[in-house]
Amino acid sequence: MLDQVFRRLMSEGEKVVLEVLGLATIARAGMIGPEPPLRLAEMALALKRFGPVGGGIVAAAIRHGDQFGLIDERGPLSFRELNLRSNALADALAAEGLGDGTTIGVLCRNHRGLLDATFAGAKAGYRILYLNTDFAAPQARDVCAREGVEALIVDEEFLPIVADVEASAGRFIAWTDGPASLGTLDSLISMGDTKGRPAPSQPGAMVMLTSGTTGTPKGARRSLPRSLAMAGAVLSKIPYRGREAVYVVPPMFHSWGLFSGLLTIGTGSTLLISRRFDPAAVLDAVALHHCTGLVVVPAMINRMLALEDGGPASRDLSALRFMATSGARLEGALASRAMDAFGDVLYNLYGSTEVAYATIATPEDMRAAPGCVGRPPAGTSVRLFDRPGIEVAPGETARIFVGNGLGFSGYTGGGTKESIDGLLSTGDVGHFDGDGRLFVDGRDDEMIVSGGENVFPGEVEELLAGHPGISEASAVGVPDPDHGQRLIAYVVPTTPSGLTATEVKSYVRSNLARFKVPREVFFVEQLPRNPTGKVLKRHLLAHHAAADATADGAVDGAVDGAADATADGAVDGAVGVEG
């Protein structure tokens, strides 16, 4: 009994220490600062009434007023305007009959409308489901039905995608290239009361969808955090500072893009966003606005470095203090190339939809150990367990479990991730080096057993990414009648010709064990990716199966065809060049 009381007291003491550290960190970043008592009281009341998202934009408006809070393709909006727009939208949606707890599906690219919906939803107590802009109509229909979507806020271009979705509470257009006609968010905002509404009976909630790289995306329920330690943990590693400018490029329907955008606004910096990723335009805007921060996914870095106009070398990016990446695997070779081009400003956050963040690698980490994902920030525990649930020693590969107070509350369709000692599984496997840096070796469910040997495709992908003749590569396991499974590799060469499958295999054989050499190598123009840059390996598996069923050489056509079917491979869409 006394032992339980002691442990509880120690736990509460640790929480207090972490809150104090978090407070100091967010103060240094500019999220809070000295204010007159009346303004402090207003901000505290807003946070209490509307939570960290709805209350956060109120506090930002009080502190920063007419300073630019957002710049998108339609121009700038001040912090005050962002706050008033969300007040008016919450009021107008209530007039349309949307009450507390209404589930709203949001299908938007990066623009003011997505933020209007996010802030208004938090203030009105709505449950916001962020839908993937890469969805086909059947996926959108099934996900919306599963999640109980009652209303839709959608860009005009996606109306055909949600044509079969039952939205009994209405459909509202977030972005149109035409005038603000009836039914658009701008028209609703123009009619709504900007004074602000009473606090909702229940706080707003967000449902983020998993990436769905190996199957159907799942909805992850997440309550809005109220702890200072959580924001402080990220800010302790990535040097956000207030009253600056940060360009957030990843799609904000995904947790990395949305979190980065909200963090930028929360620190009082100007958030720059655009609906599509054009690598040259992004670098031009970073230079023009003297951005101190750039938030990306790894595939975007590759595109910026590949620009024929010289990319970062041809622009004045001297104001840039951090380039933060997450959402997909960052190979060590790409990290080194990025730092050589942009300077030692690269930060790599590892996490998942379910656990939020786990570790953050600093430039010093990646110079010392390219390919690592860094160390856990304060208040975060990362441990590696084998199948029986026994923690392994440094250097050994095992399943990654994380505890940080931000774990999700289960999938909306039922079920959750495995938990050990209060820590949640990420679904990945990895190892720690002797200095405590974490390396992610691959997905737990991607490990293959070939001829009795365990093979993690991620290790082969990391190696291939460092080959001078390879732009990017992916590896998957397929059934094999003799060995149980065999590894195959899909390779995007840097030039259309000049590299052979034999050379690729020899390169792997010279650096890794014999059983890790891919049995087959296919050369493709691009890898199929989702809008956050993750490779859609289920497409590669499907293409290989199709190739087995047809003539040799069908794989190239199948991969290119799938790329066209997934928003131009999600490279020319949300991650690649403007299309």
# chains A, B, ... in the order shown; residues from 1 in each chain; ligands from 1
call {"tool": "select_by_dssp", "arguments": {"residues": "stretch 53-142 of chain A", "states": "strand (DSSP E)", "output": "count of residues only"}}
result
18
call {"tool": "residues_around", "arguments": {"residues": "A:Gly266", "least_positions_apart": "3", "cutoff": "8 Å", "atoms": "only C-alpha atoms", "output": "JSON, numbers by chain"}}
result
{"A": [31, 56, 57, 60, 262, 263, 269]}
call {"tool": "write_last_selection", "arguments": {"atoms": "C-alpha atoms", "output": "PDB file, in the first residue's frame"}}
result
ATOM      1  CA  MET A  31       3.568  30.903 -27.246  1.00  0.00           C
ATOM      2  CA  GLY A  56      -5.670  29.041 -28.915  1.00  0.00           C
ATOM      3  CA  ILE A  57      -6.867  31.167 -31.834  1.00  0.00           C
ATOM      4  CA  ALA A  60      -3.467  34.498 -30.571  1.00  0.00           C
ATOM      5  CA  LEU A 262      -1.511  25.006 -35.298  1.00  0.00           C
ATOM      6  CA  LEU A 263       1.866  25.194 -33.569  1.00  0.00           C
ATOM      7  CA  SER A 269       4.186  33.282 -36.275  1.00  0.00           C
TER       8      SER A 269
END
call {"tool": "closest_atom_pairs", "arguments": {"of": "stretch 79-169 of chain A", "to": "stretch 525-531 of chain A", "cutoff": "9 Å", "atoms": "only C-alpha atoms", "output": "tab-separated table"}}
result
residue	atom	partner	partner_atom	distance
A:Asn132	CA	A:Pro531	CA	7.9
A:Thr133	CA	A:Pro531	CA	7.6
A:Asp134	CA	A:Pro531	CA	6.7
call {"tool": "atom_distance", "arguments": {"atom1": "atom CA of A:Ile128", "atom2": "atom CA of A:Arg538"}}
result
27.7 Å
call {"tool": "closest_residue", "arguments": {"among": "A:Ala306, A:Ile301, A:Ile360, A:Ile448", "to": "A:Phe342", "atoms": "only C-alpha atoms"}}
result
A:Ile301
call {"tool": "residues_around", "arguments": {"residues": "A:Leu107", "least_positions_apart": "2", "cutoff": "8 Å", "atoms": "only C-alpha atoms", "output": "list in words"}}
result
Gly105, Arg109, Tyr130, Leu131, Asn132, Thr133, Leu152, Ile153, Val154, Asp155, Phe158 and Phe253 of chain A
call {"tool": "write_last_selection", "arguments": {"atoms": "C-alpha atoms", "output": "mmCIF file, in the first residue's frame"}}
result
data_model
loop_
_atom_site.group_PDB
_atom_site.id
_atom_site.type_symbol
_atom_site.label_atom_id
_atom_site.label_comp_id
_atom_site.auth_asym_id
_atom_site.auth_seq_id
_atom_site.Cartn_x
_atom_site.Cartn_y
_atom_site.Cartn_z
ATOM 1 C CA GLY A 105 -16.172 15.425 -42.619
ATOM 2 C CA ARG A 109 -6.513 21.068 -49.460
ATOM 3 C CA TYR A 130 -10.182 14.961 -41.675
ATOM 4 C CA LEU A 131 -10.576 13.115 -44.988
ATOM 5 C CA ASN A 132 -7.725 12.225 -47.325
ATOM 6 C CA THR A 133 -7.690 14.287 -50.539
ATOM 7 C CA LEU A 152 -19.449 17.865 -45.134
ATOM 8 C CA ILE A 153 -17.087 20.781 -45.654
ATOM 9 C CA VAL A 154 -15.452 20.101 -48.990
ATOM 10 C CA ASP A 155 -13.512 21.820 -51.760
ATOM 11 C CA PHE A 158 -13.906 17.029 -54.569
ATOM 12 C CA PHE A 253 -5.698 16.606 -43.126
#
call {"tool": "decode", "arguments": {"residues": "stretch 234-375 of chain A", "atoms": "C-alpha atoms", "output": "PDB file, in the first residue's frame"}}
result
ATOM      1  CA  VAL A 234       8.365  19.350 -29.414  1.00  0.00           C
ATOM      2  CA  LEU A 235       9.413  22.974 -28.956  1.00  0.00           C
ATOM      3  CA  SER A 236      12.358  21.859 -26.827  1.00  0.00           C
ATOM      4  CA  LYS A 237      13.836  20.130 -29.901  1.00  0.00           C
ATOM      5  CA  ILE A 238      12.587  22.104 -32.924  1.00  0.00           C
ATOM      6  CA  PRO A 239      13.425  25.834 -32.616  1.00  0.00           C
ATOM      7  CA  TYR A 240      10.094  27.513 -33.303  1.00  0.00           C
ATOM      8  CA  ARG A 241      10.078  31.143 -32.218  1.00  0.00           C
ATOM      9  CA  GLY A 242       7.271  33.680 -32.081  1.00  0.00           C
ATOM     10  CA  ARG A 243       6.552  36.469 -34.590  1.00  0.00           C
ATOM     11  CA  GLU A 244       8.413  34.801 -37.445  1.00  0.00           C
ATOM     12  CA  ALA A 245       7.169  32.994 -40.590  1.00  0.00           C
ATOM     13  CA  VAL A 246       6.845  29.251 -41.197  1.00  0.00           C
ATOM     14  CA  TYR A 247       5.822  27.543 -44.444  1.00  0.00           C
ATOM     15  CA  VAL A 248       3.897  24.313 -43.750  1.00  0.00           C
ATOM     16  CA  VAL A 249       3.726  22.231 -46.920  1.00  0.00           C
ATOM     17  CA  PRO A 250       2.349  18.775 -45.928  1.00  0.00           C
ATOM     18  CA  PRO A 251      -1.417  18.249 -46.205  1.00  0.00           C
ATOM     19  CA  MET A 252      -3.196  19.454 -43.088  1.00  0.00           C
ATOM     20  CA  PHE A 253      -5.698  16.606 -43.126  1.00  0.00           C
ATOM     21  CA  HIS A 254      -2.771  14.613 -41.748  1.00  0.00           C
ATOM     22  CA  SER A 255      -1.597  15.059 -38.170  1.00  0.00           C
ATOM     23  CA  TRP A 256       1.912  16.275 -39.142  1.00  0.00           C
ATOM     24  CA  GLY A 257       0.638  19.104 -41.307  1.00  0.00           C
ATOM     25  CA  LEU A 258      -2.186  20.114 -38.975  1.00  0.00           C
ATOM     26  CA  PHE A 259      -0.069  20.001 -35.818  1.00  0.00           C
ATOM     27  CA  SER A 260       2.665  22.069 -37.468  1.00  0.00           C
ATOM     28  CA  GLY A 261       0.158  24.649 -38.680  1.00  0.00           C
ATOM     29  CA  LEU A 262      -1.511  25.006 -35.298  1.00  0.00           C
ATOM     30  CA  LEU A 263       1.866  25.194 -33.569  1.00  0.00           C
ATOM     31  CA  THR A 264       2.934  27.981 -35.923  1.00  0.00           C
ATOM     32  CA  ILE A 265      -0.186  30.024 -35.190  1.00  0.00           C
ATOM     33  CA  GLY A 266       0.078  29.228 -31.491  1.00  0.00           C
ATOM     34  CA  THR A 267       3.561  30.711 -31.325  1.00  0.00           C
ATOM     35  CA  GLY A 268       2.353  33.898 -33.011  1.00  0.00           C
ATOM     36  CA  SER A 269       4.186  33.282 -36.275  1.00  0.00           C
ATOM     37  CA  THR A 270       2.752  33.744 -39.748  1.00  0.00           C
ATOM     38  CA  LEU A 271       1.627  30.469 -41.314  1.00  0.00           C
ATOM     39  CA  LEU A 272       2.188  30.099 -45.078  1.00  0.00           C
ATOM     40  CA  ILE A 273       0.252  27.371 -46.901  1.00  0.00           C
ATOM     41  CA  SER A 274      -0.749  26.499 -50.467  1.00  0.00           C
ATOM     42  CA  ARG A 275      -3.152  24.021 -52.013  1.00  0.00           C
ATOM     43  CA  ARG A 276      -0.541  22.186 -54.060  1.00  0.00           C
ATOM     44  CA  PHE A 277       3.156  21.608 -53.694  1.00  0.00           C
ATOM     45  CA  ASP A 278       5.324  23.291 -56.293  1.00  0.00           C
ATOM     46  CA  PRO A 279       8.949  22.909 -55.112  1.00  0.00           C
ATOM     47  CA  ALA A 280      10.233  26.032 -56.874  1.00  0.00           C
ATOM     48  CA  ALA A 281       7.318  28.162 -55.651  1.00  0.00           C
ATOM     49  CA  VAL A 282       7.832  26.985 -52.065  1.00  0.00           C
ATOM     50  CA  LEU A 283      11.520  27.905 -52.094  1.00  0.00           C
ATOM     51  CA  ASP A 284      10.709  31.260 -53.691  1.00  0.00           C
ATOM     52  CA  ALA A 285       8.157  32.003 -50.949  1.00  0.00           C
ATOM     53  CA  VAL A 286      10.570  30.945 -48.195  1.00  0.00           C
ATOM     54  CA  ALA A 287      13.088  33.414 -49.573  1.00  0.00           C
ATOM     55  CA  LEU A 288      10.551  36.213 -50.193  1.00  0.00           C
ATOM     56  CA  HIS A 289       8.984  36.039 -46.723  1.00  0.00           C
ATOM     57  CA  HIS A 290      12.276  35.342 -44.918  1.00  0.00           C
ATOM     58  CA  CYS A 291      10.795  32.185 -43.437  1.00  0.00           C
ATOM     59  CA  THR A 292      12.643  30.830 -40.427  1.00  0.00           C
ATOM     60  CA  GLY A 293      10.852  27.484 -40.638  1.00  0.00           C
ATOM     61  CA  LEU A 294       9.914  25.035 -43.394  1.00  0.00           C
ATOM     62  CA  VAL A 295       7.812  21.944 -42.644  1.00  0.00           C
ATOM     63  CA  VAL A 296       7.912  19.122 -45.224  1.00  0.00           C
ATOM     64  CA  VAL A 297       7.865  15.370 -45.793  1.00  0.00           C
ATOM     65  CA  PRO A 298      10.934  13.561 -47.193  1.00  0.00           C
ATOM     66  CA  ALA A 299       9.579  13.240 -50.750  1.00  0.00           C
ATOM     67  CA  MET A 300       9.304  17.027 -50.903  1.00  0.00           C
ATOM     68  CA  ILE A 301      12.967  17.436 -49.963  1.00  0.00           C
ATOM     69  CA  ASN A 302      13.884  15.141 -52.834  1.00  0.00           C
ATOM     70  CA  ARG A 303      11.864  17.271 -55.261  1.00  0.00           C
ATOM     71  CA  MET A 304      13.409  20.533 -54.074  1.00  0.00           C
ATOM     72  CA  LEU A 305      16.928  19.139 -54.385  1.00  0.00           C
ATOM     73  CA  ALA A 306      16.154  17.898 -57.910  1.00  0.00           C
ATOM     74  CA  LEU A 307      15.170  21.335 -59.266  1.00  0.00           C
ATOM     75  CA  GLU A 308      17.122  22.190 -62.399  1.00  0.00           C
ATOM     76  CA  ASP A 309      17.388  25.866 -61.392  1.00  0.00           C
ATOM     77  CA  GLY A 310      19.717  24.981 -58.526  1.00  0.00           C
ATOM     78  CA  GLY A 311      17.055  24.594 -55.874  1.00  0.00           C
ATOM     79  CA  PRO A 312      18.118  25.966 -52.488  1.00  0.00           C
ATOM     80  CA  ALA A 313      21.530  27.053 -53.791  1.00  0.00           C
ATOM     81  CA  SER A 314      19.948  29.598 -56.153  1.00  0.00           C
ATOM     82  CA  ARG A 315      17.886  31.380 -53.461  1.00  0.00           C
ATOM     83  CA  ASP A 316      18.606  33.387 -50.343  1.00  0.00           C
ATOM     84  CA  LEU A 317      17.467  31.071 -47.563  1.00  0.00           C
ATOM     85  CA  SER A 318      19.708  32.609 -44.915  1.00  0.00           C
ATOM     86  CA  ALA A 319      16.750  33.223 -42.565  1.00  0.00           C
ATOM     87  CA  LEU A 320      15.906  29.503 -42.430  1.00  0.00           C
ATOM     88  CA  ARG A 321      16.655  28.096 -38.968  1.00  0.00           C
ATOM     89  CA  PHE A 322      14.788  24.810 -39.192  1.00  0.00           C
ATOM     90  CA  MET A 323      13.414  22.438 -41.777  1.00  0.00           C
ATOM     91  CA  ALA A 324      11.286  19.859 -39.993  1.00  0.00           C
ATOM     92  CA  THR A 325      10.246  16.612 -41.624  1.00  0.00           C
ATOM     93  CA  SER A 326       8.042  13.700 -40.614  1.00  0.00           C
ATOM     94  CA  GLY A 327       5.259  11.534 -42.028  1.00  0.00           C
ATOM     95  CA  ALA A 328       7.484   9.082 -43.902  1.00  0.00           C
ATOM     96  CA  ARG A 329      10.892   7.450 -43.730  1.00  0.00           C
ATOM     97  CA  LEU A 330      13.868   9.817 -44.129  1.00  0.00           C
ATOM     98  CA  GLU A 331      16.809   7.862 -45.527  1.00  0.00           C
ATOM     99  CA  GLY A 332      20.221   8.795 -44.196  1.00  0.00           C
ATOM    100  CA  ALA A 333      21.560   9.623 -47.652  1.00  0.00           C
ATOM    101  CA  LEU A 334      18.729  12.097 -48.291  1.00  0.00           C
ATOM    102  CA  ALA A 335      19.221  13.675 -44.843  1.00  0.00           C
ATOM    103  CA  SER A 336      22.909  14.259 -45.585  1.00  0.00           C
ATOM    104  CA  ARG A 337      22.168  15.719 -49.038  1.00  0.00           C
ATOM    105  CA  ALA A 338      19.524  18.001 -47.540  1.00  0.00           C
ATOM    106  CA  MET A 339      21.894  19.367 -44.900  1.00  0.00           C
ATOM    107  CA  ASP A 340      24.618  19.859 -47.458  1.00  0.00           C
ATOM    108  CA  ALA A 341      22.183  21.969 -49.509  1.00  0.00           C
ATOM    109  CA  PHE A 342      20.154  23.794 -46.831  1.00  0.00           C
ATOM    110  CA  GLY A 343      22.676  23.816 -44.010  1.00  0.00           C
ATOM    111  CA  ASP A 344      22.469  21.986 -40.705  1.00  0.00           C
ATOM    112  CA  VAL A 345      18.843  22.960 -40.093  1.00  0.00           C
ATOM    113  CA  LEU A 346      17.142  19.580 -40.593  1.00  0.00           C
ATOM    114  CA  TYR A 347      14.979  18.042 -37.839  1.00  0.00           C
ATOM    115  CA  ASN A 348      13.293  14.661 -38.190  1.00  0.00           C
ATOM    116  CA  LEU A 349      10.263  13.801 -36.025  1.00  0.00           C
ATOM    117  CA  TYR A 350       9.273  10.170 -35.704  1.00  0.00           C
ATOM    118  CA  GLY A 351       5.810   9.211 -34.558  1.00  0.00           C
ATOM    119  CA  SER A 352       2.503   7.831 -35.768  1.00  0.00           C
ATOM    120  CA  THR A 353      -1.156   8.780 -35.881  1.00  0.00           C
ATOM    121  CA  GLU A 354      -1.731   6.643 -32.794  1.00  0.00           C
ATOM    122  CA  VAL A 355       1.137   7.819 -30.536  1.00  0.00           C
ATOM    123  CA  ALA A 356       1.665  11.346 -31.954  1.00  0.00           C
ATOM    124  CA  TYR A 357       5.427  11.833 -31.479  1.00  0.00           C
ATOM    125  CA  ALA A 358       8.124   9.502 -30.159  1.00  0.00           C
ATOM    126  CA  THR A 359      11.588  10.886 -30.969  1.00  0.00           C
ATOM    127  CA  ILE A 360      13.104  13.919 -32.695  1.00  0.00           C
ATOM    128  CA  ALA A 361      16.474  13.916 -34.446  1.00  0.00           C
ATOM    129  CA  THR A 362      18.454  17.155 -34.475  1.00  0.00           C
ATOM    130  CA  PRO A 363      20.985  18.096 -37.159  1.00  0.00           C
ATOM    131  CA  GLU A 364      23.737  16.991 -34.772  1.00  0.00           C
ATOM    132  CA  ASP A 365      22.080  13.579 -34.461  1.00  0.00           C
ATOM    133  CA  MET A 366      21.815  13.116 -38.206  1.00  0.00           C
ATOM    134  CA  ARG A 367      25.353  14.256 -38.909  1.00  0.00           C
ATOM    135  CA  ALA A 368      26.609  11.758 -36.352  1.00  0.00           C
ATOM    136  CA  ALA A 369      24.229   8.952 -37.322  1.00  0.00           C
ATOM    137  CA  PRO A 370      22.497   9.464 -40.699  1.00  0.00           C
ATOM    138  CA  GLY A 371      19.199   7.625 -40.856  1.00  0.00           C
ATOM    139  CA  CYS A 372      18.440   7.863 -37.139  1.00  0.00           C
ATOM    140  CA  VAL A 373      15.228   9.366 -35.770  1.00  0.00           C
ATOM    141  CA  GLY A 374      16.879  10.790 -32.685  1.00  0.00           C
ATOM    142  CA  ARG A 375      16.058  10.598 -29.015  1.00  0.00           C
TER     143      ARG A 375
END
